[in-house]
file my_file_10.txt (compact mmCIF, C-alpha atoms and all ligand atoms)
# COMPACT_ATOMS: atom_id res chain seq x y z
CA ARG A 1 133.71 102.95 95.26
CA TRP A 2 130.18 102.07 96.38
CA THR A 3 130.14 100.74 99.93
CA PRO A 4 127.10 100.50 102.20
CA GLY A 5 129.00 102.37 104.93
CA HIS A 6 129.69 105.40 102.73
CA VAL A 7 126.14 105.49 101.45
CA ILE A 8 124.75 105.25 104.99
CA ASP A 9 126.89 108.19 106.12
CA GLU A 10 125.69 110.29 103.22
CA LEU A 11 122.04 109.33 103.66
CA VAL A 12 122.16 110.00 107.41
CA GLU A 13 123.63 113.44 106.78
CA GLY A 14 120.97 114.12 104.16
CA ILE A 15 118.16 113.10 106.50
CA ARG A 16 119.47 115.31 109.31
CA ALA A 17 119.80 118.27 106.95
CA GLN A 18 116.31 117.76 105.55
CA VAL A 19 114.29 117.28 108.74
CA GLY A 20 116.12 119.59 111.13
CA GLU A 21 114.30 119.44 114.45
CA GLY A 22 110.95 118.44 113.02
CA ARG A 23 109.18 115.35 114.22
CA VAL A 24 109.10 112.43 111.80
CA ILE A 25 106.73 109.54 111.31
CA CYS A 26 107.60 106.52 109.26
CA ALA A 27 105.23 104.45 107.19
CA LEU A 28 106.38 101.06 108.40
CA SER A 29 105.05 98.09 106.42
CA GLY A 30 107.43 95.40 107.64
CA GLY A 31 108.95 94.96 104.19
CA VAL A 32 112.62 95.48 103.40
CA ASP A 33 112.18 99.00 102.01
CA SER A 34 110.28 100.66 104.82
CA SER A 35 112.23 98.75 107.48
CA VAL A 36 115.59 99.89 106.11
CA ALA A 37 114.26 103.43 105.64
CA ALA A 38 113.07 103.40 109.25
CA ALA A 39 116.39 102.04 110.52
CA LEU A 40 118.23 104.79 108.61
CA VAL A 41 116.03 107.54 110.01
CA GLN A 42 116.30 105.97 113.47
CA LYS A 43 120.10 106.22 113.10
CA ALA A 44 119.89 109.80 111.86
CA VAL A 45 117.25 111.32 114.16
CA GLY A 46 116.00 108.47 116.36
CA ASP A 47 114.54 110.58 119.14
CA GLN A 48 112.39 112.51 116.63
CA LEU A 49 110.97 109.38 115.00
CA THR A 50 107.77 107.47 115.58
CA CYS A 51 106.99 104.52 113.30
CA VAL A 52 103.38 103.92 112.36
CA PHE A 53 102.26 100.51 111.24
CA VAL A 54 98.84 100.38 109.60
CA ASP A 55 97.01 97.09 109.79
CA HIS A 56 94.82 97.63 106.72
CA GLY A 57 93.60 94.07 106.62
CA LEU A 58 95.48 93.46 103.36
CA LEU A 59 98.43 91.81 105.11
CA ARG A 60 99.62 88.25 104.88
CA ALA A 61 99.43 85.80 107.78
CA GLY A 62 101.82 86.68 110.61
CA GLU A 63 102.96 90.03 109.25
CA ARG A 64 101.59 92.24 111.97
CA GLU A 65 103.29 90.17 114.66
CA GLN A 66 106.59 90.22 112.77
CA VAL A 67 106.62 94.01 112.78
CA GLU A 68 105.35 94.46 116.32
CA THR A 69 107.82 92.04 117.88
CA ASP A 70 110.83 91.27 115.65
CA PHE A 71 111.45 94.66 114.10
CA VAL A 72 110.88 96.62 117.27
CA ALA A 73 113.17 94.29 119.22
CA ALA A 74 115.93 94.69 116.62
CA THR A 75 115.81 98.46 116.20
CA GLY A 76 114.20 99.86 119.33
CA VAL A 77 112.00 102.20 117.31
CA ASP A 78 108.95 103.82 118.86
CA LEU A 79 106.03 102.03 117.20
CA VAL A 80 102.31 102.78 116.98
CA THR A 81 99.99 100.24 115.38
CA VAL A 82 96.78 101.56 113.83
CA ASP A 83 93.94 99.10 113.35
CA ALA A 84 92.28 100.30 110.14
CA VAL A 85 90.81 97.10 108.72
CA ASP A 86 87.19 98.29 108.57
CA GLN A 87 88.18 101.69 107.18
CA PHE A 88 90.04 100.11 104.23
CA LEU A 89 87.42 97.47 103.49
CA ASP A 90 84.67 100.09 103.51
CA ALA A 91 86.65 102.31 101.15
CA LEU A 92 87.31 99.38 98.79
CA ALA A 93 83.74 98.08 98.77
CA GLY A 94 82.41 97.67 95.24
CA GLN A 95 85.72 98.61 93.59
CA THR A 96 87.19 96.34 90.92
CA ASP A 97 89.39 98.59 88.78
CA PRO A 98 93.11 98.07 89.61
CA GLU A 99 94.13 101.73 89.43
CA THR A 100 91.09 102.79 91.45
CA LYS A 101 91.91 100.21 94.11
CA ARG A 102 95.54 101.36 94.23
CA LYS A 103 94.52 105.00 94.54
CA ILE A 104 91.99 104.27 97.29
CA ILE A 105 94.56 102.27 99.26
CA GLY A 106 97.18 105.01 98.80
CA ARG A 107 94.73 107.70 99.89
CA GLU A 108 93.56 105.78 102.96
CA PHE A 109 97.20 105.14 103.87
CA ILE A 110 98.02 108.83 103.89
CA ARG A 111 94.83 109.76 105.72
CA THR A 112 95.60 107.14 108.36
CA PHE A 113 99.11 108.49 108.83
CA GLU A 114 97.81 112.03 109.13
CA GLN A 115 95.41 110.92 111.83
CA ALA A 116 98.20 108.99 113.57
CA ALA A 117 100.38 112.11 113.45
CA ARG A 118 97.64 114.21 115.02
CA ASP A 119 97.25 111.57 117.73
CA ILE A 120 100.99 111.53 118.37
CA VAL A 121 101.07 115.32 118.65
CA ALA A 122 98.08 115.20 120.97
CA GLY A 123 100.03 112.80 123.14
CA ARG A 124 97.58 109.99 122.70
CA ALA A 125 100.09 107.64 121.12
CA GLY A 126 103.81 107.00 121.04
CA GLU A 127 106.53 107.67 123.57
CA ASN A 128 108.07 110.51 121.57
CA ALA A 129 105.03 112.79 121.59
CA ASP A 130 106.07 116.41 121.69
CA ASP A 131 103.79 119.45 121.31
CA GLU A 132 106.65 121.79 120.43
CA HIS A 133 107.60 119.94 117.28
CA PRO A 134 104.50 118.71 115.49
CA VAL A 135 105.04 116.03 112.90
CA LYS A 136 106.37 117.58 109.70
CA TRP A 137 107.85 114.64 107.86
CA LEU A 138 106.71 111.32 106.53
CA VAL A 139 109.34 108.66 105.74
CA GLN A 140 108.64 106.30 102.89
CA GLY A 141 110.67 103.39 101.55
CA THR A 142 110.34 104.45 97.92
CA LEU A 143 112.97 102.86 95.65
CA TYR A 144 114.32 103.97 92.31
CA PRO A 145 112.19 101.49 90.30
CA ASP A 146 109.05 102.82 92.03
CA VAL A 147 109.98 106.35 91.00
CA VAL A 148 110.68 105.38 87.39
CA GLU A 149 107.57 103.23 86.95
CA SER A 150 105.30 105.89 88.39
CA GLY A 151 106.44 108.37 85.79
CA GLY A 152 108.91 110.14 88.09
CA GLY A 153 111.81 109.58 85.72
CA ALA A 154 112.28 111.86 82.74
CA GLY A 155 110.23 110.83 79.73
CA THR A 156 108.67 107.72 81.25
CA ALA A 157 105.00 106.87 81.14
CA THR A 158 102.98 105.77 84.16
CA ILE A 159 102.66 102.00 84.24
CA LYS A 160 101.09 101.57 87.66
CA SER A 161 100.42 104.07 90.42
CA HIS A 162 102.63 102.70 93.16
CA HIS A 163 100.86 103.78 96.29
CA ASN A 164 103.95 105.42 97.75
CA VAL A 165 104.57 107.61 94.71
CA GLY A 166 101.35 108.23 92.82
CA GLY A 167 97.91 108.78 94.23
CA LEU A 168 98.91 111.12 97.04
CA PRO A 169 96.13 113.53 98.02
CA ASP A 170 96.48 117.21 97.10
CA ASP A 171 96.19 118.23 100.72
CA LEU A 172 99.13 116.13 101.91
CA GLN A 173 100.23 117.53 105.26
CA PHE A 174 103.78 116.19 105.37
CA GLY A 175 107.01 116.67 103.54
CA LEU A 176 108.30 113.35 102.25
CA VAL A 177 111.58 111.83 103.38
CA GLU A 178 112.54 109.15 100.88
CA PRO A 179 116.17 108.20 101.59
CA LEU A 180 116.11 105.16 99.29
CA ARG A 181 114.74 106.80 96.16
CA MET A 182 117.99 106.57 94.23
CA LEU A 183 118.64 102.94 95.18
CA PHE A 184 117.85 99.49 93.86
CA LYS A 185 116.67 96.63 96.04
CA ASP A 186 120.02 94.84 96.28
CA GLU A 187 121.66 98.07 97.46
CA VAL A 188 118.93 98.55 100.06
CA ARG A 189 119.54 95.02 101.37
CA ALA A 190 123.28 95.71 101.67
CA ILE A 191 122.55 98.90 103.61
CA GLY A 192 120.10 97.07 105.88
CA ARG A 193 122.70 94.42 106.73
CA GLU A 194 125.28 97.11 107.46
CA LEU A 195 122.74 98.79 109.78
CA GLY A 196 122.20 95.53 111.68
CA VAL A 197 118.61 94.99 110.59
CA PRO A 198 117.98 91.25 111.20
CA GLU A 199 118.58 88.93 108.26
CA ALA A 200 114.98 87.67 108.39
CA ILE A 201 113.81 91.18 107.49
CA VAL A 202 116.67 92.16 105.16
CA ALA A 203 116.32 88.97 103.10
CA ARG A 204 112.56 89.23 102.94
CA GLN A 205 111.06 89.09 99.51
CA PRO A 206 109.30 92.22 98.26
CA PHE A 207 105.62 92.63 98.98
CA PRO A 208 103.63 95.52 97.51
CA GLY A 209 102.33 98.30 99.75
CA PRO A 210 98.71 97.75 98.60
CA GLY A 211 99.18 94.18 99.77
CA LEU A 212 96.62 91.49 99.07
CA GLY A 213 94.28 94.24 97.82
CA ILE A 214 95.92 94.05 94.38
CA ARG A 215 96.16 90.25 94.44
CA ILE A 216 92.41 89.75 94.53
CA ILE A 217 91.22 90.18 90.97
CA GLY A 218 87.80 91.68 91.58
CA GLU A 219 86.27 93.31 94.62
CA VAL A 220 88.20 93.04 97.88
CA THR A 221 86.13 91.54 100.70
CA ALA A 222 86.94 90.09 104.11
CA ASP A 223 86.03 86.55 102.99
CA ARG A 224 88.17 86.75 99.87
CA LEU A 225 91.09 88.08 101.91
CA GLU A 226 90.77 85.12 104.23
CA THR A 227 90.84 82.72 101.28
CA LEU A 228 93.87 84.36 99.69
CA ARG A 229 95.71 84.63 103.03
CA ALA A 230 95.30 80.88 103.59
CA ALA A 231 96.51 79.99 100.08
CA ASP A 232 99.44 82.42 100.31
CA ALA A 233 100.54 81.00 103.67
CA ILE A 234 100.63 77.49 102.21
CA ALA A 235 102.64 78.57 99.15
CA ARG A 236 105.16 80.45 101.27
CA GLU A 237 105.48 77.57 103.73
CA GLU A 238 106.18 75.04 100.97
CA LEU A 239 108.62 77.30 99.09
CA THR A 240 110.56 77.89 102.30
CA ALA A 241 110.50 74.19 103.20
CA ALA A 242 111.90 73.38 99.74
CA GLY A 243 114.76 75.83 100.31
CA LEU A 244 113.68 78.04 97.40
CA ASP A 245 113.50 81.44 99.13
CA ASP A 246 116.86 82.52 97.72
CA THR A 247 116.08 81.20 94.24
CA ILE A 248 112.94 83.21 93.69
CA TRP A 249 112.65 87.00 93.88
CA GLN A 250 109.05 86.76 95.06
CA CYS A 251 105.98 84.65 94.41
CA PRO A 252 102.73 86.57 94.33
CA VAL A 253 99.73 84.36 95.03
CA VAL A 254 96.66 85.73 93.28
CA LEU A 255 92.96 84.97 93.78
CA LEU A 256 90.81 85.18 90.66
CA ALA A 257 87.74 86.15 92.63
CA ASP A 258 85.58 86.90 89.60
CA VAL A 259 86.39 83.59 87.88
CA ARG A 260 84.85 80.26 88.76
CA SER A 261 85.52 76.84 87.34
CA VAL A 262 83.96 73.45 87.80
CA GLY A 263 85.77 70.85 89.86
CA VAL A 264 85.14 67.57 91.57
CA GLN A 265 86.18 66.66 95.08
CA GLY A 266 85.16 63.43 96.72
CA ASP A 267 81.75 62.67 95.26
CA GLY A 268 80.77 66.26 94.85
CA ARG A 269 80.86 68.89 92.15
CA THR A 270 82.53 72.14 93.15
CA TYR A 271 82.33 75.55 91.54
CA GLY A 272 85.24 77.43 93.02
CA HIS A 273 87.90 80.03 92.34
CA PRO A 274 91.38 79.57 90.83
CA ILE A 275 94.56 80.54 92.66
CA VAL A 276 97.46 81.73 90.49
CA LEU A 277 101.10 81.15 91.48
CA ARG A 278 103.41 83.81 90.07
CA PRO A 279 107.00 82.83 91.01
CA VAL A 280 109.54 85.19 89.43
CA SER A 281 113.29 85.57 89.26
CA SER A 282 114.65 89.10 89.03
CA GLU A 283 117.55 91.40 89.88
CA ASP A 284 115.64 94.60 90.55
CA ALA A 285 111.95 94.02 89.60
CA MET A 286 112.36 96.15 86.46
CA THR A 287 112.44 92.95 84.43
CA ALA A 288 111.69 89.41 85.56
CA ASP A 289 111.58 85.85 84.31
CA TRP A 290 109.14 83.23 85.53
CA THR A 291 110.89 80.78 87.83
CA ARG A 292 111.05 77.13 86.77
CA LEU A 293 109.95 75.65 90.09
CA PRO A 294 110.42 71.91 90.63
CA TYR A 295 107.27 69.98 89.69
CA GLU A 296 107.14 68.22 93.04
CA VAL A 297 107.03 71.55 94.88
CA LEU A 298 104.26 72.82 92.58
CA GLU A 299 102.39 69.57 93.17
CA ARG A 300 102.62 69.90 96.95
CA ILE A 301 101.42 73.51 96.88
CA SER A 302 98.55 72.67 94.55
CA THR A 303 97.42 69.64 96.53
CA ARG A 304 97.53 71.46 99.83
CA ILE A 305 95.75 74.59 98.61
CA THR A 306 92.91 72.68 96.97
CA ASN A 307 92.56 70.39 100.01
CA GLU A 308 92.91 72.99 102.74
CA VAL A 309 91.41 76.21 101.36
CA ASP A 310 87.64 76.42 100.99
CA GLU A 311 86.40 77.97 97.76
CA VAL A 312 89.56 77.08 95.81
CA ASN A 313 89.39 74.09 93.45
CA ARG A 314 92.14 74.89 90.96
CA VAL A 315 95.77 76.14 91.08
CA VAL A 316 97.40 77.57 87.96
CA LEU A 317 100.96 78.69 87.18
CA ASP A 318 101.81 82.01 85.54
CA VAL A 319 104.59 81.45 82.95
CA THR A 320 104.89 85.05 81.72
CA SER A 321 108.07 87.11 81.89
CA LYS A 322 108.18 90.86 82.61
CA PRO A 323 107.80 92.34 80.09
CA PRO A 324 105.17 91.74 78.84
CA GLY A 325 103.53 90.84 82.16
CA THR A 326 104.17 92.90 85.28
CA ILE A 327 105.04 90.94 88.42
CA GLU A 328 101.76 91.77 90.16
CA TRP A 329 98.50 91.15 88.34
CA GLU A 330 97.15 94.63 89.11
P1 LIG B 401 105.23 95.19 89.01
O1 LIG B 401 103.91 94.53 89.26
O2 LIG B 401 105.11 96.65 88.67
O3 LIG B 401 106.00 95.12 90.40
O4 LIG B 401 106.09 94.45 88.02
C1 LIG B 401 107.35 95.45 90.54
C2 LIG B 401 107.73 95.26 92.00
O5 LIG B 401 107.10 96.25 92.79
C3 LIG B 401 106.23 95.66 93.74
N1 LIG B 401 105.07 96.54 93.79
C4 LIG B 401 104.88 97.50 94.72
N2 LIG B 401 105.60 97.86 95.79
N3 LIG B 401 104.02 99.53 96.31
C5 LIG B 401 105.17 98.86 96.58
O6 LIG B 401 105.81 99.17 97.58
C6 LIG B 401 103.24 99.24 95.25
O7 LIG B 401 102.22 99.86 95.01
C7 LIG B 401 103.71 98.17 94.41
N4 LIG B 401 103.21 97.60 93.30
C8 LIG B 401 104.06 96.61 92.93
C9 LIG B 401 105.94 94.27 93.22
O8 LIG B 401 105.60 93.37 94.26
C10 LIG B 401 107.26 93.94 92.58
O9 LIG B 401 108.22 93.54 93.53
call {"tool": "encode", "arguments": {"input": "my_file_10.txt", "output": "structure tokens"}}
result
Amino acid sequence: RWTPGHVIDELVEGIRAQVGEGRVICALSGGVDSSVAAALVQKAVGDQLTCVFVDHGLLRAGEREQVETDFVAATGVDLVTVDAVDQFLDALAGQTDPETKRKIIGREFIRTFEQAARDIVAGRAGENADDEHPVKWLVQGTLYPDVVESGGGAGTATIKSHHNVGGLPDDLQFGLVEPLRMLFKDEVRAIGRELGVPEAIVARQPFPGPGLGIRIIGEVTADRLETLRAADAIAREELTAAGLDDTIWQCPVVLLADVRSVGVQGDGRTYGHPIVLRPVSSEDAMTADWTRLPYEVLERISTRITNEVDEVNRVVLDVTSKPPGTIEWE
């Protein structure tokens, strides 16, 4: 019978067998997957682990603080935060193709971790620095659906290059530890609860590794990120206030940065960008249905976003299931 406890014991054994005495760094994003992966590795080989959190500037409001305070308090992991906002924005400048953006973000992620590992070995970061055992392993919270959709499953075609599966550089300097790669999201949540990861993190809705970078349709810039971050914060606030967090699987908020439409506010004409709301219901993200949100909640979100967010004069609702639409727009 499948129980979280049995699975944890097996995964912990597997991690110990795989990494031996090598030092491990974990790609912590603050989402359920990487948090549970980190908690598992912490349980297996805690004194060999350093978690690295990359602030790539593609995060939502409040996310960095949530990782730096809540997660560290709950698990006691050794955490290093890398501020890489300029590096990512420079690398993404002028890029509009979704796969190109995903690959750039994936590549910069890995490069950033490699640099962080060198810094840890050099004793410039982290409490667990140790010259005798340079970092050999990189933990990632890859799930089974990520593996399948990136063409990792037999006979499947690549749909999108998930940054934590596809798009890795040829000169990757770490072995990968991916303890969740045979699991679905609901199983990962059960394991997280069993491990004592706080409910606020375990129950968190999925958020893609490439972050807001794949929710800006068009070039990613600092100004556009600020616009999307503000709209996203309002949508999340209102969905939570309406008690809908458990009803929806996730609700991507997307900025159509290359589209403008005419509006009118007060006495003035506006020529702004649309924001798309993409609320979906799902069991495992392999398929999804669009969530029938109450009209009054949609109205509140729309009114607040158009009133409070500069540059946005229109809010539209995505009513496409998966398939044919994917959950994310890119
Ligand atoms: P799609 O858009 O493929 O998304 O229907 C399925 C689920 O995966 C999330 N997603 C990602 N997660 N790295 C991740 O860790 C990625 O590159 C990535 N792309 C999509 C998406 O939010 C949804 O939950």
call {"tool": "residues_near_ligand", "arguments": {"input": "my_file_10.txt", "ligand": "ligand LIG 401 (chain B)", "cutoff": "6 Å", "atoms": "all atoms listed in the file", "output": "count of residues only"}}
result
11
call {"tool": "atom_distance", "arguments": {"input": "my_file_10.txt", "atom1": "atom CA of A:Thr270", "atom2": "atom CA of A:Ala230"}}
result
18.7 Å
call {"tool": "residues_around", "arguments": {"input": "my_file_10.txt", "residues": "stretch 94-101 of chain A", "least_positions_apart": "3", "cutoff": "6 Å", "atoms": "all atoms listed in the file", "output": "ChimeraX atom specification"}}
result
/A:104,218-219,330
call {"tool": "closest_atom_pairs", "arguments": {"input": "my_file_10.txt", "of": "stretch 175-282 of chain A", "to": "stretch 292-298 of chain A", "cutoff": "10 Å", "atoms": "all atoms listed in the file", "output": "tab-separated table"}}
result
residue	atom	partner	partner_atom	distance
A:Ala235	CA	A:Leu298	CA	8.9
A:Glu238	CA	A:Val297	CA	7.1
A:Leu239	CA	A:Val297	CA	7.3
A:Ala241	CA	A:Val297	CA	9.4
A:Ala242	CA	A:Val297	CA	7.1
A:Leu244	CA	A:Leu293	CA	8.5
A:Thr247	CA	A:Leu293	CA	9.3
A:Ile248	CA	A:Leu293	CA	8.9
A:Leu277	CA	A:Leu298	CA	9.0
A:Pro279	CA	A:Leu293	CA	7.8
A:Val280	CA	A:Arg292	CA	8.6
A:Ser281	CA	A:Arg292	CA	9.1
call {"tool": "write_last_selection", "arguments": {"input": "my_file_10.txt", "atoms": "C-alpha atoms", "output": "PDB file, in the frame of the given file"}}
result
ATOM      1  CA  ALA A 235     102.640  78.570  99.150  1.00  0.00           C
ATOM      2  CA  GLU A 238     106.180  75.040 100.970  1.00  0.00           C
ATOM      3  CA  LEU A 239     108.620  77.300  99.090  1.00  0.00           C
ATOM      4  CA  ALA A 241     110.500  74.190 103.200  1.00  0.00           C
ATOM      5  CA  ALA A 242     111.900  73.380  99.740  1.00  0.00           C
ATOM      6  CA  LEU A 244     113.680  78.040  97.400  1.00  0.00           C
ATOM      7  CA  THR A 247     116.080  81.200  94.240  1.00  0.00           C
ATOM      8  CA  ILE A 248     112.940  83.210  93.690  1.00  0.00           C
ATOM      9  CA  LEU A 277     101.100  81.150  91.480  1.00  0.00           C
ATOM     10  CA  PRO A 279     107.000  82.830  91.010  1.00  0.00           C
ATOM     11  CA  VAL A 280     109.540  85.190  89.430  1.00  0.00           C
ATOM     12  CA  SER A 281     113.290  85.570  89.260  1.00  0.00           C
TER      13      SER A 281
END
call {"tool": "residues_around", "arguments": {"input": "my_file_10.txt", "residues": "A:Ser29", "least_positions_apart": "2", "cutoff": "10 Å", "atoms": "all atoms listed in the file", "output": "number ranges by chain"}}
result
A: 26-27, 31-35, 51-55, 59, 63-64, 67, 140-141, 207-209, 211
call {"tool": "atom_distance", "arguments": {"input": "my_file_10.txt", "atom1": "atom CA of A:Glu194", "atom2": "atom CA of A:Glu178"}}
result
18.7 Å
call {"tool": "closest_residue", "arguments": {"input": "my_file_10.txt", "among": "A:Ala116, A:Asn313, A:Val24, A:Arg16", "to": "A:Leu176", "atoms": "all atoms listed in the file"}}
result
A:Val24
call {"tool": "atom_distance", "arguments": {"input": "my_file_10.txt", "atom1": "atom CA of A:Thr50", "atom2": "atom CA of A:Gly175"}}
result
15.2 Å
call {"tool": "build_atoms", "arguments": {"input": "my_file_10.txt", "residues": "stretch 52-68 of chain A", "atoms": "N, CA and C atoms", "output": "mmCIF file, keeping the file's coordinate frame"}}
result
data_model
loop_
_atom_site.group_PDB
_atom_site.id
_atom_site.type_symbol
_atom_site.label_atom_id
_atom_site.label_comp_id
_atom_site.auth_asym_id
_atom_site.auth_seq_id
_atom_site.Cartn_x
_atom_site.Cartn_y
_atom_site.Cartn_z
ATOM 1 N N VAL A 52 104.807 104.239 112.352
ATOM 2 C CA VAL A 52 103.380 103.920 112.360
ATOM 3 C C VAL A 52 103.150 102.729 111.449
ATOM 4 N N PHE A 53 102.573 101.698 112.013
ATOM 5 C CA PHE A 53 102.260 100.510 111.240
ATOM 6 C C PHE A 53 100.744 100.417 111.101
ATOM 7 N N VAL A 54 100.276 100.435 109.864
ATOM 8 C CA VAL A 54 98.840 100.380 109.600
ATOM 9 C C VAL A 54 98.444 98.938 109.305
ATOM 10 N N ASP A 55 97.591 98.389 110.138
ATOM 11 C CA ASP A 55 97.010 97.090 109.790
ATOM 12 C C ASP A 55 95.767 97.387 108.965
ATOM 13 N N HIS A 56 95.926 97.291 107.629
ATOM 14 C CA HIS A 56 94.820 97.630 106.720
ATOM 15 C C HIS A 56 94.017 96.398 106.313
ATOM 16 N N GLY A 57 94.346 95.275 106.928
ATOM 17 C CA GLY A 57 93.600 94.070 106.620
ATOM 18 C C GLY A 57 94.027 93.406 105.327
ATOM 19 N N LEU A 58 95.023 94.001 104.639
ATOM 20 C CA LEU A 58 95.480 93.460 103.360
ATOM 21 C C LEU A 58 96.839 92.781 103.528
ATOM 22 N N LEU A 59 97.142 92.418 104.778
ATOM 23 C CA LEU A 59 98.430 91.810 105.110
ATOM 24 C C LEU A 59 98.366 90.302 104.979
ATOM 25 N N ARG A 60 99.544 89.703 104.885
ATOM 26 C CA ARG A 60 99.620 88.250 104.880
ATOM 27 C C ARG A 60 99.638 87.726 106.320
ATOM 28 N N ALA A 61 99.451 86.412 106.446
ATOM 29 C CA ALA A 61 99.430 85.800 107.780
ATOM 30 C C ALA A 61 100.743 86.082 108.502
ATOM 31 N N GLY A 62 100.639 86.518 109.762
ATOM 32 C CA GLY A 62 101.820 86.680 110.610
ATOM 33 C C GLY A 62 102.560 87.997 110.465
ATOM 34 N N GLU A 63 102.150 88.832 109.516
ATOM 35 C CA GLU A 63 102.960 90.030 109.250
ATOM 36 C C GLU A 63 102.896 91.072 110.359
ATOM 37 N N ARG A 64 101.716 91.226 110.910
ATOM 38 C CA ARG A 64 101.590 92.240 111.970
ATOM 39 C C ARG A 64 102.490 91.882 113.154
ATOM 40 N N GLU A 65 102.476 90.619 113.524
ATOM 41 C CA GLU A 65 103.290 90.170 114.660
ATOM 42 C C GLU A 65 104.774 90.355 114.370
ATOM 43 N N GLN A 66 105.176 90.095 113.124
ATOM 44 C CA GLN A 66 106.590 90.220 112.770
ATOM 45 C C GLN A 66 107.084 91.659 112.971
ATOM 46 N N VAL A 67 106.238 92.615 112.602
ATOM 47 C CA VAL A 67 106.620 94.010 112.780
ATOM 48 C C VAL A 67 106.607 94.386 114.261
ATOM 49 N N GLU A 68 105.523 94.019 114.938
ATOM 50 C CA GLU A 68 105.350 94.460 116.320
ATOM 51 C C GLU A 68 106.376 93.860 117.263
#
